[in-house]
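Coordinates from coords.csv are shown below (CSV, C-alpha atoms).
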```csv
chain,number,residue,atom,x,y,z
A,1,MET,CA,16.4,-24.8,-29.0
A,2,THR,CA,14.1,-22.0,-30.3
A,3,PRO,CA,11.5,-21.2,-27.7
A,4,ILE,CA,7.8,-21.6,-28.7
A,5,ARG,CA,6.1,-18.2,-28.7
A,6,SER,CA,2.4,-19.3,-28.5
A,7,LEU,CA,0.3,-22.4,-28.0
A,8,ASP,CA,-0.6,-22.0,-31.6
A,9,ASP,CA,3.0,-22.8,-32.6
A,10,LEU,CA,2.3,-26.4,-31.5
A,11,THR,CA,0.6,-29.1,-33.5
A,12,PRO,CA,-0.1,-32.7,-32.6
A,13,GLY,CA,2.7,-35.0,-33.5
A,14,MET,CA,5.5,-32.4,-33.1
A,15,GLU,CA,8.5,-33.9,-31.4
A,16,PHE,CA,11.3,-32.2,-29.4
A,17,ASP,CA,14.6,-34.1,-28.8
A,18,LEU,CA,15.9,-32.7,-25.5
A,19,GLY,CA,19.3,-34.5,-25.6
A,20,SER,CA,20.5,-36.4,-22.5
A,21,PHE,CA,21.0,-36.0,-18.8
A,22,VAL,CA,22.5,-38.0,-15.9
A,23,LEU,CA,21.7,-38.4,-12.3
A,24,THR,CA,24.9,-38.9,-10.4
A,25,ARG,CA,25.1,-41.3,-7.5
A,26,GLU,CA,25.5,-38.4,-5.1
A,27,GLU,CA,22.3,-36.7,-6.5
A,28,VAL,CA,20.4,-40.0,-6.3
A,29,LEU,CA,21.3,-40.5,-2.6
A,30,ASP,CA,20.7,-36.9,-1.7
A,31,PHE,CA,17.2,-36.9,-3.3
A,32,ALA,CA,16.3,-40.2,-1.7
A,33,ARG,CA,17.4,-39.0,1.8
A,34,ARG,CA,15.0,-36.0,1.4
A,35,PHE,CA,12.0,-37.4,-0.4
A,36,ASP,CA,12.1,-41.2,-0.7
A,37,PRO,CA,14.2,-42.7,2.1
A,38,GLN,CA,13.6,-46.4,1.2
A,39,PRO,CA,16.5,-48.9,1.6
A,40,PHE,CA,16.7,-49.7,-2.2
A,41,HIS,CA,17.3,-45.9,-3.0
A,42,LEU,CA,19.9,-45.4,-0.2
A,43,ASP,CA,22.0,-48.5,0.3
A,44,GLU,CA,23.8,-50.7,-2.2
A,45,GLU,CA,23.3,-53.9,-0.3
A,46,ALA,CA,19.6,-53.2,0.4
A,47,GLY,CA,19.3,-52.5,-3.4
A,48,GLN,CA,20.8,-55.9,-4.2
A,49,ALA,CA,18.3,-57.6,-1.9
A,50,SER,CA,15.4,-55.7,-3.5
A,51,ILE,CA,13.3,-56.5,-6.5
A,52,PHE,CA,15.5,-54.1,-8.4
A,53,GLY,CA,18.7,-56.1,-7.7
A,54,ARG,CA,20.7,-52.9,-7.2
A,55,LEU,CA,20.5,-49.4,-5.9
A,56,VAL,CA,18.2,-47.4,-8.1
A,57,ALA,CA,17.1,-43.8,-8.3
A,58,SER,CA,13.7,-42.9,-6.8
A,59,GLY,CA,11.1,-42.6,-9.5
A,60,LEU,CA,10.2,-39.2,-8.0
A,61,HIS,CA,13.7,-38.1,-8.7
A,62,THR,CA,13.6,-39.4,-12.3
A,63,PHE,CA,10.3,-37.5,-12.8
A,64,SER,CA,11.6,-34.3,-11.2
A,65,ALA,CA,14.9,-34.4,-13.1
A,66,ALA,CA,13.0,-34.9,-16.4
A,67,VAL,CA,10.8,-31.9,-15.7
A,68,GLY,CA,13.8,-29.9,-14.7
A,69,HIS,CA,15.5,-30.9,-18.0
A,70,LEU,CA,12.5,-29.8,-19.9
A,71,ILE,CA,12.2,-26.5,-18.1
A,72,ARG,CA,15.9,-25.8,-18.6
A,73,SER,CA,15.6,-26.5,-22.4
A,74,GLY,CA,13.7,-23.2,-22.5
A,75,ILE,CA,11.3,-24.5,-25.2
A,76,PHE,CA,8.2,-23.6,-23.3
A,77,ALA,CA,9.7,-20.8,-21.1
A,78,GLN,CA,7.7,-18.0,-22.8
A,79,VAL,CA,4.3,-19.8,-22.8
A,80,ASN,CA,4.1,-22.4,-19.9
A,81,LEU,CA,1.7,-21.4,-17.2
A,82,GLY,CA,1.8,-24.6,-15.2
A,83,ALA,CA,0.4,-28.2,-15.4
A,84,GLY,CA,-2.8,-29.4,-13.8
A,85,GLY,CA,-1.7,-33.0,-13.3
A,86,ALA,CA,0.3,-35.9,-14.8
A,87,GLU,CA,0.1,-39.6,-15.5
A,88,ILE,CA,3.4,-41.2,-14.8
A,89,ALA,CA,4.8,-44.7,-15.5
A,90,TRP,CA,8.2,-46.1,-14.5
A,91,PRO,CA,8.6,-49.2,-16.7
A,92,ALA,CA,12.2,-49.7,-15.5
A,93,PRO,CA,14.3,-48.1,-12.8
A,94,LEU,CA,17.0,-45.5,-13.5
A,95,ASP,CA,20.5,-46.3,-12.4
A,96,PRO,CA,22.9,-43.7,-11.0
A,97,ASP,CA,25.5,-42.3,-13.4
A,98,THR,CA,23.6,-43.7,-16.5
A,99,PRO,CA,22.9,-41.2,-19.3
A,100,VAL,CA,19.3,-41.1,-20.4
A,101,THR,CA,17.8,-39.3,-23.4
A,102,MET,CA,14.6,-37.3,-23.3
A,103,ARG,CA,12.0,-36.7,-26.0
A,104,VAL,CA,8.8,-34.7,-25.8
A,105,THR,CA,5.8,-35.2,-28.1
A,106,VAL,CA,2.8,-32.9,-28.5
A,107,GLU,CA,-0.2,-35.1,-28.3
A,108,GLU,CA,-3.1,-32.6,-28.3
A,109,VAL,CA,-3.6,-28.9,-28.5
A,110,ARG,CA,-6.8,-27.3,-27.2
A,111,PRO,CA,-7.3,-23.5,-27.1
A,112,SER,CA,-9.5,-22.5,-24.2
A,113,ARG,CA,-13.1,-21.6,-25.0
A,114,SER,CA,-13.6,-19.3,-22.1
A,115,LYS,CA,-10.1,-17.7,-21.9
A,116,PRO,CA,-8.9,-16.6,-25.4
A,117,GLY,CA,-5.3,-15.9,-24.3
A,118,MET,CA,-4.6,-19.5,-23.2
A,119,GLY,CA,-5.2,-23.2,-23.8
A,120,ILE,CA,-3.9,-26.7,-23.0
A,121,ALA,CA,-1.2,-28.7,-24.7
A,122,LYS,CA,-1.0,-32.3,-23.7
A,123,LEU,CA,2.6,-33.3,-23.8
A,124,ARG,CA,4.2,-36.8,-23.5
A,125,TYR,CA,7.7,-37.2,-22.2
A,126,VAL,CA,9.7,-40.3,-22.7
A,127,VAL,CA,13.0,-40.8,-20.9
A,128,ALA,CA,15.2,-43.8,-22.0
A,129,ARG,CA,18.6,-45.2,-21.3
A,130,GLU,CA,21.0,-43.9,-23.9
A,131,SER,CA,22.8,-47.3,-24.1
A,132,ASP,CA,19.9,-49.6,-25.0
A,133,GLY,CA,16.8,-47.5,-25.3
A,134,THR,CA,15.1,-49.0,-22.1
A,135,VAL,CA,12.3,-46.6,-21.2
A,136,VAL,CA,12.6,-45.5,-17.5
A,137,LEU,CA,9.9,-42.8,-17.5
A,138,ARG,CA,6.7,-42.0,-19.4
A,139,VAL,CA,4.7,-39.0,-18.6
A,140,ALA,CA,1.5,-37.5,-20.1
A,141,ALA,CA,0.7,-34.0,-18.7
A,142,PRO,CA,-1.7,-31.3,-19.7
A,143,HIS,CA,0.2,-28.0,-19.7
A,144,PHE,CA,-1.6,-24.7,-19.6
A,145,MET,CA,0.0,-22.3,-22.1
A,146,LYS,CA,-0.3,-18.8,-23.4
A,147,ARG,CA,-1.5,-18.0,-26.9
B,1,MET,CA,1.7,-45.6,13.5
B,2,THR,CA,1.8,-49.5,13.5
B,3,PRO,CA,3.5,-50.8,10.4
B,4,ILE,CA,1.6,-53.1,8.1
B,5,ARG,CA,3.2,-56.5,8.0
B,6,SER,CA,1.6,-57.9,4.8
B,7,LEU,CA,-0.5,-56.8,1.8
B,8,ASP,CA,-3.1,-59.0,3.4
B,9,ASP,CA,-3.4,-56.6,6.3
B,10,LEU,CA,-4.9,-54.1,3.9
B,11,THR,CA,-8.6,-53.9,2.9
B,12,PRO,CA,-10.3,-51.5,0.5
B,13,GLY,CA,-11.6,-48.4,2.3
B,14,MET,CA,-8.9,-48.4,5.0
B,15,GLU,CA,-7.7,-44.9,5.8
B,16,PHE,CA,-4.5,-43.7,7.3
B,17,ASP,CA,-4.3,-40.2,8.8
B,18,LEU,CA,-0.7,-39.1,8.3
B,19,GLY,CA,-0.9,-35.8,10.2
B,20,SER,CA,0.6,-32.7,8.7
B,21,PHE,CA,3.7,-31.3,7.1
B,22,VAL,CA,4.9,-27.9,5.9
B,23,LEU,CA,7.2,-26.9,3.0
B,24,THR,CA,9.2,-23.9,4.2
B,25,ARG,CA,9.9,-21.0,1.8
B,26,GLU,CA,13.5,-21.9,1.7
B,27,GLU,CA,12.7,-25.6,0.8
B,28,VAL,CA,10.3,-24.4,-1.9
B,29,LEU,CA,13.0,-22.1,-3.5
B,30,ASP,CA,15.7,-24.8,-3.2
B,31,PHE,CA,13.6,-27.4,-4.8
B,32,ALA,CA,12.5,-25.1,-7.6
B,33,ARG,CA,16.1,-24.1,-8.4
B,34,ARG,CA,17.0,-27.7,-8.8
B,35,PHE,CA,14.0,-29.2,-10.5
B,36,ASP,CA,11.5,-26.6,-11.6
B,37,PRO,CA,13.1,-23.3,-12.2
B,38,GLN,CA,10.1,-21.4,-13.5
B,39,PRO,CA,9.6,-17.7,-12.4
B,40,PHE,CA,6.4,-18.3,-10.4
B,41,HIS,CA,8.3,-20.9,-8.2
B,42,LEU,CA,11.4,-18.7,-7.7
B,43,ASP,CA,10.4,-15.1,-7.4
B,44,GLU,CA,7.7,-13.3,-5.5
B,45,GLU,CA,7.0,-10.6,-8.2
B,46,ALA,CA,6.9,-13.2,-11.0
B,47,GLY,CA,4.5,-15.2,-8.8
B,48,GLN,CA,2.3,-12.2,-8.4
B,49,ALA,CA,2.2,-11.7,-12.2
B,50,SER,CA,1.4,-15.4,-12.8
B,51,ILE,CA,-1.9,-17.2,-13.0
B,52,PHE,CA,-1.3,-18.2,-9.3
B,53,GLY,CA,-1.1,-14.6,-8.1
B,54,ARG,CA,1.8,-15.4,-5.8
B,55,LEU,CA,4.9,-17.5,-5.4
B,56,VAL,CA,3.8,-21.2,-5.1
B,57,ALA,CA,5.6,-24.5,-4.6
B,58,SER,CA,6.4,-26.6,-7.6
B,59,GLY,CA,3.8,-29.4,-7.9
B,60,LEU,CA,6.8,-31.8,-8.2
B,61,HIS,CA,7.8,-30.7,-4.7
B,62,THR,CA,4.3,-31.1,-3.3
B,63,PHE,CA,4.3,-34.7,-4.8
B,64,SER,CA,7.8,-35.6,-3.6
B,65,ALA,CA,7.2,-34.2,-0.1
B,66,ALA,CA,4.0,-36.1,0.2
B,67,VAL,CA,5.6,-39.4,-0.8
B,68,GLY,CA,8.5,-38.6,1.7
B,69,HIS,CA,5.9,-38.0,4.4
B,70,LEU,CA,4.3,-41.3,3.6
B,71,ILE,CA,7.6,-43.2,3.6
B,72,ARG,CA,8.7,-41.6,6.9
B,73,SER,CA,5.4,-42.6,8.6
B,74,GLY,CA,6.8,-46.1,8.3
B,75,ILE,CA,3.3,-47.6,7.7
B,76,PHE,CA,4.4,-49.5,4.6
B,77,ALA,CA,8.2,-49.8,5.4
B,78,GLN,CA,8.1,-53.6,5.9
B,79,VAL,CA,6.1,-54.3,2.8
B,80,ASN,CA,6.5,-51.7,0.1
B,81,LEU,CA,8.5,-52.9,-2.9
B,82,GLY,CA,8.1,-49.8,-5.2
B,83,ALA,CA,5.4,-48.2,-7.3
B,84,GLY,CA,4.9,-48.8,-11.0
B,85,GLY,CA,3.3,-45.4,-11.8
B,86,ALA,CA,1.1,-42.7,-10.5
B,87,GLU,CA,-1.8,-40.4,-11.5
B,88,ILE,CA,-1.4,-37.0,-10.0
B,89,ALA,CA,-3.7,-34.0,-9.9
B,90,TRP,CA,-2.8,-30.5,-8.5
B,91,PRO,CA,-6.3,-28.9,-8.0
B,92,ALA,CA,-4.7,-25.9,-6.2
B,93,PRO,CA,-1.1,-24.8,-5.6
B,94,LEU,CA,0.7,-25.2,-2.3
B,95,ASP,CA,1.9,-22.0,-0.6
B,96,PRO,CA,5.2,-22.0,1.3
B,97,ASP,CA,5.0,-22.2,5.1
B,98,THR,CA,1.4,-23.4,5.0
B,99,PRO,CA,0.6,-26.6,6.9
B,100,VAL,CA,-1.1,-29.4,5.0
B,101,THR,CA,-2.7,-32.6,6.2
B,102,MET,CA,-2.3,-35.9,4.4
B,103,ARG,CA,-4.6,-38.9,4.3
B,104,VAL,CA,-4.0,-42.2,2.5
B,105,THR,CA,-6.8,-44.5,1.5
B,106,VAL,CA,-6.6,-48.1,0.3
B,107,GLU,CA,-8.6,-48.3,-2.9
B,108,GLU,CA,-7.9,-51.8,-4.1
B,109,VAL,CA,-5.9,-54.9,-3.0
B,110,ARG,CA,-4.8,-57.5,-5.6
B,111,PRO,CA,-2.6,-60.4,-4.7
B,112,SER,CA,-0.4,-61.4,-7.7
B,113,ARG,CA,-1.5,-64.6,-9.5
B,114,SER,CA,2.0,-65.4,-10.7
B,115,LYS,CA,4.0,-64.3,-7.6
B,116,PRO,CA,2.5,-65.7,-4.4
B,117,GLY,CA,4.7,-63.5,-2.1
B,118,MET,CA,3.5,-60.2,-3.5
B,119,GLY,CA,0.6,-58.2,-4.8
B,120,ILE,CA,-0.6,-54.7,-5.6
B,121,ALA,CA,-2.3,-52.2,-3.3
B,122,LYS,CA,-3.7,-49.2,-5.1
B,123,LEU,CA,-3.4,-46.2,-2.7
B,124,ARG,CA,-4.9,-42.8,-3.0
B,125,TYR,CA,-3.2,-39.9,-1.2
B,126,VAL,CA,-5.0,-36.6,-0.6
B,127,VAL,CA,-3.0,-33.6,0.7
B,128,ALA,CA,-5.1,-30.5,1.8
B,129,ARG,CA,-4.5,-27.2,3.5
B,130,GLU,CA,-5.0,-27.5,7.2
B,131,SER,CA,-6.7,-24.1,7.5
B,132,ASP,CA,-9.5,-24.6,5.0
B,133,GLY,CA,-9.3,-28.1,3.5
B,134,THR,CA,-8.4,-26.9,0.0
B,135,VAL,CA,-6.9,-30.0,-1.8
B,136,VAL,CA,-3.5,-29.3,-3.2
B,137,LEU,CA,-2.6,-32.9,-4.3
B,138,ARG,CA,-4.4,-36.0,-5.3
B,139,VAL,CA,-2.4,-39.2,-6.2
B,140,ALA,CA,-3.5,-42.7,-7.2
B,141,ALA,CA,-0.6,-45.1,-7.2
B,142,PRO,CA,-0.3,-48.9,-7.5
B,143,HIS,CA,2.2,-50.0,-4.9
B,144,PHE,CA,3.9,-53.5,-5.1
B,145,MET,CA,3.8,-55.0,-1.7
B,146,LYS,CA,5.0,-58.1,0.1
B,147,ARG,CA,2.5,-60.7,1.5
```

Structure re-expressed in structure tokens:
Amino acid sequence: MTPIRSLDDLTPGMEFDLGSFVLTREEVLDFARRFDPQPFHLDEEAGQASIFGRLVASGLHTFSAAVGHLIRSGIFAQVNLGAGGAEIAWPAPLDPDTPVTMRVTVEEVRPSRSKPGMGIAKLRYVVARESDGTVVLRVAAPHFMKR
Amino acid sequence: MTPIRSLDDLTPGMEFDLGSFVLTREEVLDFARRFDPQPFHLDEEAGQASIFGRLVASGLHTFSAAVGHLIRSGIFAQVNLGAGGAEIAWPAPLDPDTPVTMRVTVEEVRPSRSKPGMGIAKLRYVVARESDGTVVLRVAAPHFMKR
């Protein structure tokens, strides 16, 4: 994918199809042990007894993996300076070993008034199960970017 | 810390002091390699050239570690069913090997109308540098909990 070279290359409505990724069962368990050791992320039986009805990935993992996938795409590698925050929703849980697709949309582009060399692009990420389109993650995040 | 036994044990304004935690430099680098491989999270010189002026932890790592710290405290272990989303802000970056304190406040408690055995507690987490109180993470998250 061709890297963006400036915030000014972005316009609201632009979409980037980032292809797909998978969290393996081993990765799901490893992440949960470190950062989200709740029974429904660690144990099949506990998952079945939970409101999810099965072992599912931690939402933190889904979010972290999605950002990792975006960073590795390289699209914003030359311009991204960091993000100040994020609004996250997990409409459905992500299952291990289940491919998901990721799409990023540019919602807003705002050059900084005080700092001419930078600005903010508000990006939306949507991650959905490849098999049936069920959305497992929505993120809206303001990214500081170079111009 | 005594675990909560029901959503009904929570009232708006309740605060939980969760003590402190640290992300070591090794943990910061390991997390960044997996989930946020941007130069300012991976390399000291690139960090110095960045808007942060130094190598800093990925905000995803700060967020994940804070949730992990909350889960490990056990306060909500008997009642937490999962979270539907989160609003995150990173007002300042977190430095490796720098102790931070964490505090959780109950903002709102809403029993479910349709499901008598559960409800939502909106929690706010604040993570701040122990040395000077600089806030590095604010989270507001609706947690589904048992009653």

Please provide as a compact mmCIF listing (two decimals) with C-alpha atoms, in the coordinates of the input all residues within 6 Å of Ala140 (chain B), with the sequence filter that same-chain residues fewer than 2 positions apart are discarded (counting all atoms listed in the file).
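Written output follows (around-v9.txt):
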```txt
# COMPACT_ATOMS: atom_id res chain seq x y z
CA ALA B 86 1.10 -42.70 -10.50
CA GLU B 87 -1.80 -40.40 -11.50
CA LEU B 123 -3.40 -46.20 -2.70
CA ARG B 124 -4.90 -42.80 -3.00
```

**Q.** Long-range neighbours of Asn80 (chain A) as an NGL selection string, 7 Å cut-off, all atoms listed in the file, 6 positions minimum in chain
**A.** :A and (143-146)

So which residues touch Thr105 (chain B) within 9 Å, counting only C-alpha atoms, skipping near sequence neighbours fewer than 5 positions away, as a PDB file with C-alpha atoms, in the frame of the given file?
```
ATOM      1  CA  PRO B  12     -10.300 -51.500   0.500  1.00  0.00           C
ATOM      2  CA  GLY B  13     -11.600 -48.400   2.300  1.00  0.00           C
ATOM      3  CA  MET B  14      -8.900 -48.400   5.000  1.00  0.00           C
ATOM      4  CA  GLU B  15      -7.700 -44.900   5.800  1.00  0.00           C
ATOM      5  CA  PHE B  16      -4.500 -43.700   7.300  1.00  0.00           C
ATOM      6  CA  ASP B  17      -4.300 -40.200   8.800  1.00  0.00           C
ATOM      7  CA  LYS B 122      -3.700 -49.200  -5.100  1.00  0.00           C
ATOM      8  CA  LEU B 123      -3.400 -46.200  -2.700  1.00  0.00           C
ATOM      9  CA  ARG B 124      -4.900 -42.800  -3.000  1.00  0.00           C
ATOM     10  CA  TYR B 125      -3.200 -39.900  -1.200  1.00  0.00           C
ATOM     11  CA  VAL B 126      -5.000 -36.600  -0.600  1.00  0.00           C
TER      12      VAL B 126
END
```

Restrict the calculation to all atoms listed in the file, then for each residue of chain B with any atom at most 6 Å from an atom of chain A give the closest atom pair and their distance in Å to one decimal, rows by chain and rising residue number, as JSON lines.
```
{"residue": "B:Phe35", "atom": "CA", "partner": "A:Gly68", "partner_atom": "CA", "distance": 4.3}
{"residue": "B:Asp36", "atom": "CA", "partner": "A:Gly68", "partner_atom": "CA", "distance": 5.1}
{"residue": "B:Ser64", "atom": "CA", "partner": "A:Phe35", "partner_atom": "CA", "distance": 5.6}
{"residue": "B:Ala65", "atom": "CA", "partner": "A:Phe35", "partner_atom": "CA", "distance": 5.8}
{"residue": "B:Gly68", "atom": "CA", "partner": "A:Phe35", "partner_atom": "CA", "distance": 4.3}
{"residue": "B:Gly84", "atom": "CA", "partner": "A:Trp90", "partner_atom": "CA", "distance": 5.5}
{"residue": "B:Gly85", "atom": "CA", "partner": "A:Ala89", "partner_atom": "CA", "distance": 4.1}
{"residue": "B:Ala86", "atom": "CA", "partner": "A:Ile88", "partner_atom": "CA", "distance": 5.1}
{"residue": "B:Glu87", "atom": "CA", "partner": "A:Glu87", "partner_atom": "CA", "distance": 4.5}
{"residue": "B:Ile88", "atom": "CA", "partner": "A:Gly85", "partner_atom": "CA", "distance": 5.2}
{"residue": "B:Ala89", "atom": "CA", "partner": "A:Gly85", "partner_atom": "CA", "distance": 4.1}
{"residue": "B:Trp90", "atom": "CA", "partner": "A:Gly84", "partner_atom": "CA", "distance": 5.4}
```

**Q.** For CA of Ile120 (chain B) and CA of Ser73 (chain B), the interatomic separation in Å (one decimal)
**A.** 19.6 Å

Q.
Rounded to one decimal, what separation in Å do you get between CA of Leu7 (chain A) and CA of Val136 (chain A)?
A.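 Interatomic distance here is 28.2 Å.
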
Q.
Would you compute the distance between CA of Glu27 (chain A) and CA of Glu44 (chain A)? Give it in Å to one decimal.
A. 14.7 Å

(Q) Please list as number ranges by chain every residue within 7 Å of Asp97 (chain B), counting all atoms listed in the file and excluding residues in the same chain fewer than 3 positions away. (A) B: 22-25

Go ahead and dump the residues you just picked, C-alpha atoms, as a JSON list (two decimals), in the coordinates of the input.
```json
[["chain", "number", "residue", "atom", "x", "y", "z"],
["B", 22, "VAL", "CA", 4.90, -27.90, 5.90],
["B", 23, "LEU", "CA", 7.20, -26.90, 3.00],
["B", 24, "THR", "CA", 9.20, -23.90, 4.20],
["B", 25, "ARG", "CA", 9.90, -21.00, 1.80]]
```

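Among the candidates B:Val104, B:Leu55, B:Leu29, B:Ile75, the residue lying nearest to Ala128 (chain B) is B:Val104 (atoms considered: only C-alpha atoms).
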
Q: Go through A:Leu94, A:Ser131, A:Asp43, A:Arg103 one by one, measure the shortest atom-to-atom distance of each to Ala57 (chain A) using only C-alpha atoms, and give the residue with the smallest value.
A: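 Smallest distance to Ala57 (chain A) is found for A:Leu94.
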